[in-house]
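Comments concern the structure below.
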Amino acid sequence: VQLQASGGGLVQAGKSLRLSCEASGSISSINVRGWYRQAPGKQRELVAIISSAGGTNYADSVKGRFIISRDNAKNTVYLEMNSLKPEDTAVYYCNYRTIPANMNYWGKGTQVTVSS
């Protein structure tokens, strides 16, 4: 499975960005897609995940601001980021996890920088 993320960039606090991540290769119909992020000097952390059935889970820090969605026909997951804060600055990685084997695949990461 290969993951190609796009949509990162530099944005002012309070603005919005939308990330996309397309999966290709041996795609299973049952999987979990997600976004993680890693800020300088910090560990990679979960941002949001979504199952193939549409169930979602968010980090407390982004609840009410970020929305994860997916288009199964396009094998693409999206992250709509609203009301961005400087602390959202990080490299964002998309993730694909197989069910039930729990094999993880990662995209290369896309930089999101939020200026104050």
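FYI, nothing fancy with the structure tokens labels: chains A, B, ... in order, residues from 1 per chain, ligands from 1 as they appear.
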
Test item: residues at most 9 Å from Gln2 (chain A), only C-alpha atoms, excluding those fewer than 3 positions along its chain, as a PyMOL selection string: chain A and resi 22-26+105-107

Give me a file of those residues, with C-alpha atoms, as an mmCIF file, in the first residue's frame.
data_model
loop_
_atom_site.group_PDB
_atom_site.id
_atom_site.type_symbol
_atom_site.label_atom_id
_atom_site.label_comp_id
_atom_site.auth_asym_id
_atom_site.auth_seq_id
_atom_site.Cartn_x
_atom_site.Cartn_y
_atom_site.Cartn_z
ATOM 1 C CA GLU A 22 -4.801 8.799 -1.465
ATOM 2 C CA ALA A 23 -3.999 5.133 -1.016
ATOM 3 C CA SER A 24 -2.970 2.860 -3.856
ATOM 4 C CA GLY A 25 -1.880 -0.738 -4.226
ATOM 5 C CA SER A 26 -3.444 -3.699 -2.430
ATOM 6 C CA TYR A 105 1.445 1.908 6.317
ATOM 7 C CA TRP A 106 2.585 5.537 6.444
ATOM 8 C CA GLY A 107 2.737 8.403 3.995
#

If you run DSSP on the backbone, which residues of chain A are helix (DSSP H, G or I), as a VMD selection string? chain A and resid 72 to 74 86 to 88

What is the CA of Cys21 (chain A) to CA of Ser115 (chain A) distance in Å?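 Here the two named atoms are 23.7 Å from each other.
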
Within 8 Å of region 67-78 of chain A, counting only C-alpha atoms, which residues qualify if same-chain residues fewer than 2 places away don't, as number ranges by chain? A: 18-24, 27, 33-34, 48-50, 52, 54, 56, 64-65, 80-81

Written file, previous selection with C-alpha atoms, as a CSV table (one decimal), in the first residue's frame:
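See out-v8.csv below for the written result:
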chain,number,residue,atom,x,y,z
A,18,ARG,CA,-7.6,20.6,4.1
A,19,LEU,CA,-5.3,17.6,3.8
A,20,SER,CA,-5.8,14.7,1.5
A,21,CYS,CA,-4.3,11.3,1.4
A,22,GLU,CA,-4.8,8.8,-1.5
A,23,ALA,CA,-4.0,5.1,-1.0
A,24,SER,CA,-3.0,2.9,-3.9
A,27,ILE,CA,-6.4,-1.9,-0.7
A,33,ARG,CA,-7.4,5.4,7.9
A,34,GLY,CA,-6.0,8.1,10.0
A,48,ALA,CA,-8.0,11.5,14.0
A,49,ILE,CA,-8.9,8.1,12.7
A,50,ILE,CA,-11.9,6.8,10.7
A,52,SER,CA,-14.2,1.9,6.7
A,54,GLY,CA,-17.3,5.7,9.0
A,56,THR,CA,-14.3,8.3,14.0
A,64,GLY,CA,-14.7,20.5,17.4
A,65,ARG,CA,-12.1,22.0,15.0
A,80,GLU,CA,-10.5,19.4,7.3
A,81,MET,CA,-8.6,21.6,9.8

Nearest to Val91 (chain A), chosen from A:Thr113, A:Ser28, A:Ser6, A:Gln38, with only C-alpha atoms counted in the distances: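 The closest residue to Val91 (chain A) is A:Gln38.
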
What separation in Å, quoted to one decimal, exists between CA of Thr110 (chain A) and CA of Gly8 (chain A)?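 These two atoms are separated by 5.4 Å.
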
Which of these, A:Arg37, A:Leu46, A:Ala13, A:Asn82, has the shortest distance to Gln111 (chain A) once you count only C-alpha atoms?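 Looking only at the distances to Gln111 (chain A), the closest residue turns out to be A:Arg37.
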
Interatomic distance (Å, one decimal) between CA of Ser61 (chain A) and CA of Ser83 (chain A):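 According to the coordinates, CA of Ser61 (chain A) and CA of Ser83 (chain A) are separated by 11.8 Å.
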
Using only C-alpha atoms, which of the listed residues (A:Asn104, A:Ser116, A:Ser29, A:Asn95) sits closest to Ala5 (chain A)?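 Nearest candidate to Ala5 (chain A) out of A:Asn104, A:Ser116, A:Ser29, A:Asn95: A:Asn95.
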
Run DSSP on the backbone and give me the residues of region 47-105 of chain A it puts in strand (DSSP E or B), as a PyMOL selection string. chain A and resi 47-51+56-58+66-71+76-81+90-98+104-105

Please determine, counting only C-alpha atoms, which residue among A:Met103, A:Glu45, A:Glu87, A:Gly7 has the shortest atom-to-atom distance to Ala59 (chain A). A:Glu45
